[in-house]
$ cat model-v7.cif   # mmCIF, N, CA, C and O atoms
data_entry
loop_
_atom_site.label_atom_id
_atom_site.label_comp_id
_atom_site.auth_asym_id
_atom_site.auth_seq_id
_atom_site.Cartn_x
_atom_site.Cartn_y
_atom_site.Cartn_z
N MET O 1 2.95 35.96 -19.00
CA MET O 1 1.70 35.37 -18.56
C MET O 1 1.82 33.86 -18.66
O MET O 1 2.14 33.31 -19.70
N HIS O 2 1.60 33.16 -17.58
CA HIS O 2 1.64 31.71 -17.58
C HIS O 2 0.35 31.20 -18.21
O HIS O 2 -0.71 31.72 -17.99
N ASP O 3 0.47 30.19 -19.04
CA ASP O 3 -0.66 29.73 -19.81
C ASP O 3 -0.66 28.21 -19.87
O ASP O 3 0.39 27.60 -19.88
N THR O 4 -1.82 27.62 -19.89
CA THR O 4 -1.92 26.19 -20.17
C THR O 4 -2.68 26.05 -21.47
O THR O 4 -3.66 26.74 -21.69
N ILE O 5 -2.21 25.20 -22.32
CA ILE O 5 -2.81 25.02 -23.63
C ILE O 5 -3.47 23.66 -23.67
O ILE O 5 -2.81 22.64 -23.58
N CYS O 6 -4.78 23.65 -23.77
CA CYS O 6 -5.53 22.39 -23.85
C CYS O 6 -5.18 21.48 -22.69
O CYS O 6 -4.99 20.29 -22.85
N GLY O 7 -5.04 22.04 -21.51
CA GLY O 7 -4.66 21.24 -20.35
C GLY O 7 -3.15 21.02 -20.34
O GLY O 7 -2.42 21.56 -21.14
N ALA O 8 -2.70 20.21 -19.44
CA ALA O 8 -1.27 19.92 -19.34
C ALA O 8 -0.82 19.05 -20.50
O ALA O 8 -1.52 18.14 -20.90
N PRO O 9 0.34 19.37 -21.09
CA PRO O 9 0.82 18.56 -22.19
C PRO O 9 1.05 17.10 -21.77
O PRO O 9 1.57 16.85 -20.69
N ALA O 10 0.63 16.19 -22.62
CA ALA O 10 0.83 14.77 -22.34
C ALA O 10 2.30 14.45 -22.51
O ALA O 10 2.90 14.76 -23.53
N GLY O 11 2.89 13.85 -21.53
CA GLY O 11 4.31 13.52 -21.62
C GLY O 11 4.71 12.60 -20.50
O GLY O 11 3.89 12.07 -19.77
N ALA O 12 5.99 12.42 -20.36
CA ALA O 12 6.52 11.53 -19.35
C ALA O 12 6.33 12.14 -17.96
O ALA O 12 6.26 13.35 -17.80
N GLU O 13 6.29 11.27 -16.97
CA GLU O 13 6.11 11.73 -15.59
C GLU O 13 7.36 12.41 -15.05
O GLU O 13 7.30 13.14 -14.09
N SER O 14 8.51 12.17 -15.69
CA SER O 14 9.76 12.72 -15.18
C SER O 14 10.09 14.09 -15.74
O SER O 14 11.19 14.58 -15.56
N THR O 15 9.14 14.73 -16.41
CA THR O 15 9.38 16.07 -16.96
C THR O 15 8.42 17.08 -16.33
O THR O 15 7.34 16.72 -15.88
N THR O 16 8.84 18.33 -16.36
CA THR O 16 8.01 19.44 -15.91
C THR O 16 7.94 20.45 -17.04
O THR O 16 8.96 20.76 -17.66
N THR O 17 6.75 20.97 -17.32
CA THR O 17 6.58 21.90 -18.42
C THR O 17 5.98 23.21 -17.91
O THR O 17 5.01 23.19 -17.17
N HIS O 18 6.56 24.32 -18.32
CA HIS O 18 6.06 25.65 -18.01
C HIS O 18 5.80 26.36 -19.34
O HIS O 18 6.73 26.53 -20.13
N VAL O 19 4.57 26.76 -19.59
CA VAL O 19 4.18 27.36 -20.86
C VAL O 19 3.75 28.81 -20.63
O VAL O 19 3.01 29.10 -19.69
N TYR O 20 4.24 29.70 -21.50
CA TYR O 20 3.95 31.12 -21.38
C TYR O 20 3.49 31.67 -22.73
O TYR O 20 3.94 31.23 -23.78
N SER O 21 2.59 32.65 -22.68
CA SER O 21 2.10 33.30 -23.88
C SER O 21 1.88 34.77 -23.58
O SER O 21 1.40 35.12 -22.50
N GLU O 22 2.23 35.62 -24.53
CA GLU O 22 1.98 37.05 -24.35
C GLU O 22 0.47 37.29 -24.31
O GLU O 22 -0.28 36.64 -25.03
N PRO O 23 0.03 38.25 -23.52
CA PRO O 23 -1.40 38.59 -23.52
C PRO O 23 -1.82 39.16 -24.87
O PRO O 23 -0.99 39.54 -25.69
N ALA O 24 -3.11 39.25 -25.07
CA ALA O 24 -3.67 39.66 -26.36
C ALA O 24 -3.23 41.05 -26.80
O ALA O 24 -3.32 41.38 -27.97
N SER O 25 -2.73 41.87 -25.92
CA SER O 25 -2.31 43.22 -26.31
C SER O 25 -0.84 43.25 -26.75
O SER O 25 -0.13 44.20 -26.50
N TYR O 26 -0.39 42.17 -27.41
CA TYR O 26 0.98 42.13 -27.90
C TYR O 26 1.16 43.10 -29.06
O TYR O 26 0.20 43.51 -29.69
N GLY O 27 2.41 43.44 -29.36
CA GLY O 27 2.70 44.43 -30.41
C GLY O 27 2.64 43.82 -31.80
O GLY O 27 1.71 43.12 -32.16
N ALA O 28 3.68 44.08 -32.59
CA ALA O 28 3.72 43.64 -33.98
C ALA O 28 4.00 42.14 -34.09
O ALA O 28 3.86 41.57 -35.17
N GLU O 29 4.40 41.51 -33.01
CA GLU O 29 4.76 40.09 -33.04
C GLU O 29 4.32 39.44 -31.73
O GLU O 29 4.50 40.01 -30.66
N GLN O 30 3.75 38.25 -31.82
CA GLN O 30 3.40 37.50 -30.61
C GLN O 30 4.39 36.37 -30.44
O GLN O 30 4.79 35.72 -31.41
N VAL O 31 4.79 36.14 -29.20
CA VAL O 31 5.74 35.07 -28.89
C VAL O 31 5.13 34.17 -27.83
O VAL O 31 4.59 34.63 -26.83
N ARG O 32 5.20 32.87 -28.08
CA ARG O 32 4.85 31.86 -27.07
C ARG O 32 6.13 31.08 -26.79
O ARG O 32 6.90 30.79 -27.71
N HIS O 33 6.35 30.76 -25.54
CA HIS O 33 7.52 29.94 -25.23
C HIS O 33 7.20 28.99 -24.09
O HIS O 33 6.29 29.24 -23.29
N ALA O 34 7.93 27.90 -24.06
CA ALA O 34 7.74 26.88 -23.04
C ALA O 34 9.09 26.34 -22.62
O ALA O 34 10.00 26.23 -23.45
N TYR O 35 9.21 26.02 -21.36
CA TYR O 35 10.39 25.35 -20.83
C TYR O 35 10.00 23.94 -20.46
O TYR O 35 9.00 23.73 -19.76
N VAL O 36 10.77 22.97 -20.92
CA VAL O 36 10.54 21.57 -20.55
C VAL O 36 11.78 21.14 -19.76
O VAL O 36 12.90 21.21 -20.25
N LEU O 37 11.56 20.74 -18.51
CA LEU O 37 12.65 20.34 -17.63
C LEU O 37 12.64 18.82 -17.45
O LEU O 37 11.60 18.23 -17.16
N ALA O 38 13.80 18.22 -17.64
CA ALA O 38 13.96 16.77 -17.43
C ALA O 38 15.34 16.54 -16.82
O ALA O 38 16.35 16.64 -17.51
N GLY O 39 15.36 16.28 -15.53
CA GLY O 39 16.64 16.11 -14.85
C GLY O 39 17.44 17.39 -14.91
O GLY O 39 16.98 18.45 -14.50
N ASP O 40 18.67 17.31 -15.48
CA ASP O 40 19.51 18.51 -15.59
C ASP O 40 19.44 19.13 -16.99
O ASP O 40 20.28 19.95 -17.35
N THR O 41 18.44 18.75 -17.77
CA THR O 41 18.27 19.27 -19.13
C THR O 41 17.08 20.22 -19.19
O THR O 41 16.02 19.94 -18.65
N VAL O 42 17.29 21.36 -19.86
CA VAL O 42 16.22 22.33 -20.06
C VAL O 42 16.05 22.55 -21.56
O VAL O 42 17.01 22.87 -22.26
N ALA O 43 14.84 22.34 -22.05
CA ALA O 43 14.53 22.61 -23.46
C ALA O 43 13.67 23.86 -23.52
O ALA O 43 12.77 24.04 -22.72
N LEU O 44 13.98 24.72 -24.48
CA LEU O 44 13.21 25.93 -24.69
C LEU O 44 12.54 25.84 -26.05
O LEU O 44 13.20 25.69 -27.07
N VAL O 45 11.20 25.90 -26.06
CA VAL O 45 10.43 25.87 -27.29
C VAL O 45 9.87 27.27 -27.51
O VAL O 45 9.20 27.81 -26.62
N VAL O 46 10.16 27.88 -28.67
CA VAL O 46 9.71 29.24 -28.95
C VAL O 46 9.02 29.28 -30.30
O VAL O 46 9.54 28.76 -31.29
N HIS O 47 7.84 29.87 -30.34
CA HIS O 47 7.13 30.15 -31.59
C HIS O 47 6.85 31.65 -31.60
O HIS O 47 6.29 32.18 -30.64
N ALA O 48 7.22 32.32 -32.68
CA ALA O 48 6.96 33.75 -32.83
C ALA O 48 6.35 33.98 -34.20
O ALA O 48 6.70 33.30 -35.17
N ARG O 49 5.44 34.93 -34.27
CA ARG O 49 4.79 35.22 -35.55
C ARG O 49 4.43 36.70 -35.59
O ARG O 49 3.81 37.22 -34.66
N LYS O 50 4.79 37.33 -36.69
CA LYS O 50 4.45 38.74 -36.89
C LYS O 50 3.02 38.85 -37.38
O LYS O 50 2.48 37.93 -37.98
N GLY O 51 2.42 39.99 -37.11
CA GLY O 51 1.06 40.25 -37.59
C GLY O 51 0.05 40.16 -36.48
O GLY O 51 0.33 39.73 -35.36
N GLU O 52 -1.16 40.56 -36.81
CA GLU O 52 -2.23 40.61 -35.82
C GLU O 52 -2.75 39.23 -35.44
O GLU O 52 -3.33 39.05 -34.39
N ALA O 53 -2.56 38.24 -36.31
CA ALA O 53 -3.07 36.90 -36.03
C ALA O 53 -2.32 36.24 -34.88
O ALA O 53 -2.89 35.45 -34.14
N GLY O 54 -1.06 36.56 -34.71
CA GLY O 54 -0.27 35.96 -33.65
C GLY O 54 0.05 34.51 -33.94
O GLY O 54 -0.19 34.00 -35.02
N THR O 55 0.64 33.85 -32.96
CA THR O 55 1.01 32.44 -33.14
C THR O 55 -0.22 31.56 -32.97
O THR O 55 -1.13 31.88 -32.22
N GLU O 56 -0.20 30.45 -33.66
CA GLU O 56 -1.33 29.53 -33.56
C GLU O 56 -1.11 28.57 -32.40
O GLU O 56 0.00 28.09 -32.16
N THR O 57 -2.18 28.27 -31.70
CA THR O 57 -2.09 27.46 -30.49
C THR O 57 -1.75 26.00 -30.78
O THR O 57 -0.89 25.42 -30.13
N VAL O 58 -2.39 25.40 -31.77
CA VAL O 58 -2.22 23.96 -32.00
C VAL O 58 -0.79 23.59 -32.41
O VAL O 58 -0.22 22.66 -31.82
N PRO O 59 -0.17 24.25 -33.38
CA PRO O 59 1.22 23.89 -33.70
C PRO O 59 2.17 24.06 -32.52
O PRO O 59 3.08 23.25 -32.32
N PHE O 60 1.96 25.11 -31.73
CA PHE O 60 2.81 25.31 -30.55
C PHE O 60 2.60 24.19 -29.54
O PHE O 60 3.56 23.64 -29.01
N HIS O 61 1.36 23.84 -29.29
CA HIS O 61 1.05 22.76 -28.36
C HIS O 61 1.70 21.45 -28.81
O HIS O 61 2.27 20.72 -28.01
N ARG O 62 1.62 21.16 -30.10
CA ARG O 62 2.23 19.94 -30.63
C ARG O 62 3.74 19.95 -30.43
O ARG O 62 4.33 18.92 -30.07
N SER O 63 4.37 21.09 -30.65
CA SER O 63 5.82 21.19 -30.45
C SER O 63 6.20 20.92 -29.01
O SER O 63 7.18 20.23 -28.73
N VAL O 64 5.42 21.47 -28.08
CA VAL O 64 5.70 21.27 -26.65
C VAL O 64 5.50 19.81 -26.27
O VAL O 64 6.32 19.21 -25.57
N VAL O 65 4.43 19.19 -26.74
CA VAL O 65 4.17 17.79 -26.43
C VAL O 65 5.28 16.90 -26.98
O VAL O 65 5.79 16.01 -26.29
N LEU O 66 5.69 17.13 -28.23
CA LEU O 66 6.75 16.31 -28.83
C LEU O 66 8.07 16.48 -28.09
O LEU O 66 8.77 15.49 -27.85
N GLN O 67 8.42 17.70 -27.72
CA GLN O 67 9.65 17.91 -26.97
C GLN O 67 9.58 17.23 -25.60
O GLN O 67 10.56 16.65 -25.15
N ASN O 68 8.42 17.29 -24.98
CA ASN O 68 8.22 16.64 -23.69
C ASN O 68 8.42 15.13 -23.82
O ASN O 68 9.07 14.50 -23.00
N GLN O 69 7.88 14.55 -24.88
CA GLN O 69 8.02 13.11 -25.10
C GLN O 69 9.47 12.73 -25.40
O GLN O 69 9.94 11.68 -24.95
N LEU O 70 10.18 13.57 -26.14
CA LEU O 70 11.58 13.28 -26.45
C LEU O 70 12.46 13.29 -25.20
O LEU O 70 13.37 12.48 -25.07
N LEU O 71 12.17 14.21 -24.29
CA LEU O 71 12.97 14.31 -23.07
C LEU O 71 12.57 13.30 -22.00
O LEU O 71 13.34 12.99 -21.11
N GLY O 72 11.31 12.84 -22.08
CA GLY O 72 10.80 11.93 -21.06
C GLY O 72 11.19 10.55 -21.33
O GLY O 72 11.49 9.67 -20.67
#
$ encode --input "model-v7.cif" --output "structure tokens"
Amino acid sequence: MHDTICGAPAGAESTTTHVYSEPASYGAEQVRHAYVLAGDTVALVVHARKGEAGTETVPFHRSVVLQNQLLG
């Protein structure tokens, strides 16, 4: 499932970000992942958490924004 977290991540204009999150009916573990593209470089950001609470949105969003800034 393609997802946007708090709007588009703030970052450089030369990067593209694709963010995905499992739907609420995930099993024993929820996984969120994002691809950050900058030129010929691809960064993969993955957060996984076991339990019913799933992964938290804010720490994942921060990780994606920081990676975007590093590549931009």
$ closest_residue --input "model-v7.cif" --among "O:Ala38, O:Pro59, O:Val31, O:Val46" --to "Leu71 in chain O" --atoms "only N, CA, C and O atoms"
O:Ala38
$ residues_around --input "model-v7.cif" --residues "Arg49 in chain O" --least-positions-apart "6" --cutoff "9 Å" --atoms "only C-alpha atoms" --output "number ranges by chain"
O: 28-31, 55-56
$ closest_residue --input "model-v7.cif" --among "O:Ser63, O:Glu22, O:Val58, O:Gly27" --to "Ala43 in chain O" --atoms "only C-alpha atoms"
O:Ser63
$ select_by_dssp --input "model-v7.cif" --residues "chain O" --states "alpha helix (DSSP H)" --output "JSON, numbers by chain"
{"O": [57, 58, 59, 60, 61, 62, 63, 64, 65, 66, 67, 68, 69, 70, 71]}
$ residues_around --input "model-v7.cif" --residues "Ser14 in chain O" --least-positions-apart "2" --cutoff "8 Å" --atoms "only C-alpha atoms" --output "PyMOL selection string"
chain O and resi 12+16+38-39+72
$ resolve_selection --input "model-v7.cif" --expression "the PyMOL selection byres (((chain O and resi 37 and name CA) around 12) and name CA)" --output "number ranges by chain"
O: 11-19, 34-36, 38-45, 64, 67-72
$ write_last_selection --input "model-v7.cif" --atoms "N, CA, C and O atoms" --output "short mmCIF file (atom, residue, chain, number, x, y, z; two decimals), in the frame of the given file"
data_model
loop_
_atom_site.label_atom_id
_atom_site.label_comp_id
_atom_site.auth_asym_id
_atom_site.auth_seq_id
_atom_site.Cartn_x
_atom_site.Cartn_y
_atom_site.Cartn_z
N GLY O 11 2.89 13.85 -21.53
CA GLY O 11 4.31 13.52 -21.62
C GLY O 11 4.71 12.60 -20.50
O GLY O 11 3.89 12.07 -19.77
N ALA O 12 5.99 12.42 -20.36
CA ALA O 12 6.52 11.53 -19.35
C ALA O 12 6.33 12.14 -17.96
O ALA O 12 6.26 13.35 -17.80
N GLU O 13 6.29 11.27 -16.97
CA GLU O 13 6.11 11.73 -15.59
C GLU O 13 7.36 12.41 -15.05
O GLU O 13 7.30 13.14 -14.09
N SER O 14 8.51 12.17 -15.69
CA SER O 14 9.76 12.72 -15.18
C SER O 14 10.09 14.09 -15.74
O SER O 14 11.19 14.58 -15.56
N THR O 15 9.14 14.73 -16.41
CA THR O 15 9.38 16.07 -16.96
C THR O 15 8.42 17.08 -16.33
O THR O 15 7.34 16.72 -15.88
N THR O 16 8.84 18.33 -16.36
CA THR O 16 8.01 19.44 -15.91
C THR O 16 7.94 20.45 -17.04
O THR O 16 8.96 20.76 -17.66
N THR O 17 6.75 20.97 -17.32
CA THR O 17 6.58 21.90 -18.42
C THR O 17 5.98 23.21 -17.91
O THR O 17 5.01 23.19 -17.17
N HIS O 18 6.56 24.32 -18.32
CA HIS O 18 6.06 25.65 -18.01
C HIS O 18 5.80 26.36 -19.34
O HIS O 18 6.73 26.53 -20.13
N VAL O 19 4.57 26.76 -19.59
CA VAL O 19 4.18 27.36 -20.86
C VAL O 19 3.75 28.81 -20.63
O VAL O 19 3.01 29.10 -19.69
N ALA O 34 7.93 27.90 -24.06
CA ALA O 34 7.74 26.88 -23.04
C ALA O 34 9.09 26.34 -22.62
O ALA O 34 10.00 26.23 -23.45
N TYR O 35 9.21 26.02 -21.36
CA TYR O 35 10.39 25.35 -20.83
C TYR O 35 10.00 23.94 -20.46
O TYR O 35 9.00 23.73 -19.76
N VAL O 36 10.77 22.97 -20.92
CA VAL O 36 10.54 21.57 -20.55
C VAL O 36 11.78 21.14 -19.76
O VAL O 36 12.90 21.21 -20.25
N ALA O 38 13.80 18.22 -17.64
CA ALA O 38 13.96 16.77 -17.43
C ALA O 38 15.34 16.54 -16.82
O ALA O 38 16.35 16.64 -17.51
N GLY O 39 15.36 16.28 -15.53
CA GLY O 39 16.64 16.11 -14.85
C GLY O 39 17.44 17.39 -14.91
O GLY O 39 16.98 18.45 -14.50
N ASP O 40 18.67 17.31 -15.48
CA ASP O 40 19.51 18.51 -15.59
C ASP O 40 19.44 19.13 -16.99
O ASP O 40 20.28 19.95 -17.35
N THR O 41 18.44 18.75 -17.77
CA THR O 41 18.27 19.27 -19.13
C THR O 41 17.08 20.22 -19.19
O THR O 41 16.02 19.94 -18.65
N VAL O 42 17.29 21.36 -19.86
CA VAL O 42 16.22 22.33 -20.06
C VAL O 42 16.05 22.55 -21.56
O VAL O 42 17.01 22.87 -22.26
N ALA O 43 14.84 22.34 -22.05
CA ALA O 43 14.53 22.61 -23.46
C ALA O 43 13.67 23.86 -23.52
O ALA O 43 12.77 24.04 -22.72
N LEU O 44 13.98 24.72 -24.48
CA LEU O 44 13.21 25.93 -24.69
C LEU O 44 12.54 25.84 -26.05
O LEU O 44 13.20 25.69 -27.07
N VAL O 45 11.20 25.90 -26.06
CA VAL O 45 10.43 25.87 -27.29
C VAL O 45 9.87 27.27 -27.51
O VAL O 45 9.20 27.81 -26.62
N VAL O 64 5.42 21.47 -28.08
CA VAL O 64 5.70 21.27 -26.65
C VAL O 64 5.50 19.81 -26.27
O VAL O 64 6.32 19.21 -25.57
N GLN O 67 8.42 17.70 -27.72
CA GLN O 67 9.65 17.91 -26.97
C GLN O 67 9.58 17.23 -25.60
O GLN O 67 10.56 16.65 -25.15
N ASN O 68 8.42 17.29 -24.98
CA ASN O 68 8.22 16.64 -23.69
C ASN O 68 8.42 15.13 -23.82
O ASN O 68 9.07 14.50 -23.00
N GLN O 69 7.88 14.55 -24.88
CA GLN O 69 8.02 13.11 -25.10
C GLN O 69 9.47 12.73 -25.40
O GLN O 69 9.94 11.68 -24.95
N LEU O 70 10.18 13.57 -26.14
CA LEU O 70 11.58 13.28 -26.45
C LEU O 70 12.46 13.29 -25.20
O LEU O 70 13.37 12.48 -25.07
N LEU O 71 12.17 14.21 -24.29
CA LEU O 71 12.97 14.31 -23.07
C LEU O 71 12.57 13.30 -22.00
O LEU O 71 13.34 12.99 -21.11
N GLY O 72 11.31 12.84 -22.08
CA GLY O 72 10.80 11.93 -21.06
C GLY O 72 11.19 10.55 -21.33
O GLY O 72 11.49 9.67 -20.67
#
$ atom_distance --input "model-v7.cif" --atom1 "CA of Ser21 in chain O" --atom2 "CA of His33 in chain O"
6.5 Å
$ atom_distance --input "model-v7.cif" --atom1 "atom N of Leu66 in chain O" --atom2 "atom O of Ser25 in chain O"
27.7 Å
$ atom_distance --input "model-v7.cif" --atom1 "CA of Lys50 in chain O" --atom2 "atom C of Arg32 in chain O"
12.8 Å
$ build_atoms --input "model-v7.cif" --residues "range 29-40 of chain O" --atoms "all heavy atoms" --output "mmCIF file, in the frame of the given file"
data_model
loop_
_atom_site.group_PDB
_atom_site.id
_atom_site.type_symbol
_atom_site.label_atom_id
_atom_site.label_comp_id
_atom_site.auth_asym_id
_atom_site.auth_seq_id
_atom_site.Cartn_x
_atom_site.Cartn_y
_atom_site.Cartn_z
ATOM 1 N N GLU O 29 4.400 41.510 -33.010
ATOM 2 C CA GLU O 29 4.760 40.090 -33.040
ATOM 3 C C GLU O 29 4.320 39.440 -31.730
ATOM 4 O O GLU O 29 4.500 40.010 -30.660
ATOM 5 C CB GLU O 29 6.277 39.963 -33.218
ATOM 6 C CG GLU O 29 6.790 38.558 -33.216
ATOM 7 C CD GLU O 29 8.294 38.515 -33.413
ATOM 8 O OE1 GLU O 29 9.029 38.971 -32.518
ATOM 9 O OE2 GLU O 29 8.716 38.028 -34.463
ATOM 10 N N GLN O 30 3.750 38.250 -31.820
ATOM 11 C CA GLN O 30 3.400 37.500 -30.610
ATOM 12 C C GLN O 30 4.390 36.370 -30.440
ATOM 13 O O GLN O 30 4.790 35.720 -31.410
ATOM 14 C CB GLN O 30 1.998 36.911 -30.699
ATOM 15 C CG GLN O 30 1.624 36.176 -29.411
ATOM 16 C CD GLN O 30 0.375 35.336 -29.525
ATOM 17 O OE1 GLN O 30 -0.008 34.910 -30.591
ATOM 18 N NE2 GLN O 30 -0.247 35.084 -28.397
ATOM 19 N N VAL O 31 4.790 36.140 -29.200
ATOM 20 C CA VAL O 31 5.740 35.070 -28.890
ATOM 21 C C VAL O 31 5.130 34.170 -27.830
ATOM 22 O O VAL O 31 4.590 34.630 -26.830
ATOM 23 C CB VAL O 31 7.074 35.647 -28.379
ATOM 24 C CG1 VAL O 31 8.031 34.533 -28.015
ATOM 25 C CG2 VAL O 31 7.691 36.570 -29.409
ATOM 26 N N ARG O 32 5.200 32.870 -28.080
ATOM 27 C CA ARG O 32 4.850 31.860 -27.070
ATOM 28 C C ARG O 32 6.130 31.080 -26.790
ATOM 29 O O ARG O 32 6.900 30.790 -27.710
ATOM 30 C CB ARG O 32 3.810 30.880 -27.610
ATOM 31 C CG ARG O 32 2.459 31.473 -27.894
ATOM 32 C CD ARG O 32 1.537 30.374 -28.441
ATOM 33 N NE ARG O 32 0.327 30.924 -28.979
ATOM 34 C CZ ARG O 32 -0.822 31.000 -28.301
ATOM 35 N NH1 ARG O 32 -0.881 30.550 -27.073
ATOM 36 N NH2 ARG O 32 -1.886 31.517 -28.862
ATOM 37 N N HIS O 33 6.350 30.760 -25.540
ATOM 38 C CA HIS O 33 7.520 29.940 -25.230
ATOM 39 C C HIS O 33 7.200 28.990 -24.090
ATOM 40 O O HIS O 33 6.290 29.240 -23.290
ATOM 41 C CB HIS O 33 8.750 30.788 -24.933
ATOM 42 C CG HIS O 33 8.631 31.675 -23.732
ATOM 43 N ND1 HIS O 33 7.952 32.866 -23.757
ATOM 44 C CD2 HIS O 33 9.114 31.531 -22.490
ATOM 45 C CE1 HIS O 33 8.021 33.430 -22.566
ATOM 46 N NE2 HIS O 33 8.721 32.634 -21.770
ATOM 47 N N ALA O 34 7.930 27.900 -24.060
ATOM 48 C CA ALA O 34 7.740 26.880 -23.040
ATOM 49 C C ALA O 34 9.090 26.340 -22.620
ATOM 50 O O ALA O 34 10.000 26.230 -23.450
ATOM 51 C CB ALA O 34 6.863 25.750 -23.550
ATOM 52 N N TYR O 35 9.210 26.020 -21.360
ATOM 53 C CA TYR O 35 10.390 25.350 -20.830
ATOM 54 C C TYR O 35 10.000 23.940 -20.460
ATOM 55 O O TYR O 35 9.000 23.730 -19.760
ATOM 56 C CB TYR O 35 10.911 26.069 -19.574
ATOM 57 C CG TYR O 35 11.367 27.484 -19.819
ATOM 58 C CD1 TYR O 35 10.511 28.554 -19.644
ATOM 59 C CD2 TYR O 35 12.668 27.724 -20.242
ATOM 60 C CE1 TYR O 35 10.936 29.855 -19.876
ATOM 61 C CE2 TYR O 35 13.097 29.026 -20.476
ATOM 62 C CZ TYR O 35 12.222 30.083 -20.283
ATOM 63 O OH TYR O 35 12.642 31.353 -20.516
ATOM 64 N N VAL O 36 10.770 22.970 -20.920
ATOM 65 C CA VAL O 36 10.540 21.570 -20.550
ATOM 66 C C VAL O 36 11.780 21.140 -19.760
ATOM 67 O O VAL O 36 12.900 21.210 -20.250
ATOM 68 C CB VAL O 36 10.350 20.673 -21.786
ATOM 69 C CG1 VAL O 36 10.084 19.245 -21.353
ATOM 70 C CG2 VAL O 36 9.208 21.188 -22.655
ATOM 71 N N LEU O 37 11.560 20.740 -18.510
ATOM 72 C CA LEU O 37 12.650 20.340 -17.630
ATOM 73 C C LEU O 37 12.640 18.820 -17.450
ATOM 74 O O LEU O 37 11.600 18.230 -17.160
ATOM 75 C CB LEU O 37 12.481 21.000 -16.260
ATOM 76 C CG LEU O 37 12.269 22.510 -16.265
ATOM 77 C CD1 LEU O 37 11.885 22.992 -14.880
ATOM 78 C CD2 LEU O 37 13.510 23.203 -16.752
ATOM 79 N N ALA O 38 13.800 18.220 -17.640
ATOM 80 C CA ALA O 38 13.960 16.770 -17.430
ATOM 81 C C ALA O 38 15.340 16.540 -16.820
ATOM 82 O O ALA O 38 16.350 16.640 -17.510
ATOM 83 C CB ALA O 38 13.824 16.008 -18.743
ATOM 84 N N GLY O 39 15.360 16.280 -15.530
ATOM 85 C CA GLY O 39 16.640 16.110 -14.850
ATOM 86 C C GLY O 39 17.440 17.390 -14.910
ATOM 87 O O GLY O 39 16.980 18.450 -14.500
ATOM 88 N N ASP O 40 18.670 17.310 -15.480
ATOM 89 C CA ASP O 40 19.510 18.510 -15.590
ATOM 90 C C ASP O 40 19.440 19.130 -16.990
ATOM 91 O O ASP O 40 20.280 19.950 -17.350
ATOM 92 C CB ASP O 40 20.955 18.175 -15.217
ATOM 93 C CG ASP O 40 21.581 17.153 -16.149
ATOM 94 O OD1 ASP O 40 20.848 16.567 -16.975
ATOM 95 O OD2 ASP O 40 22.798 16.931 -16.045
#
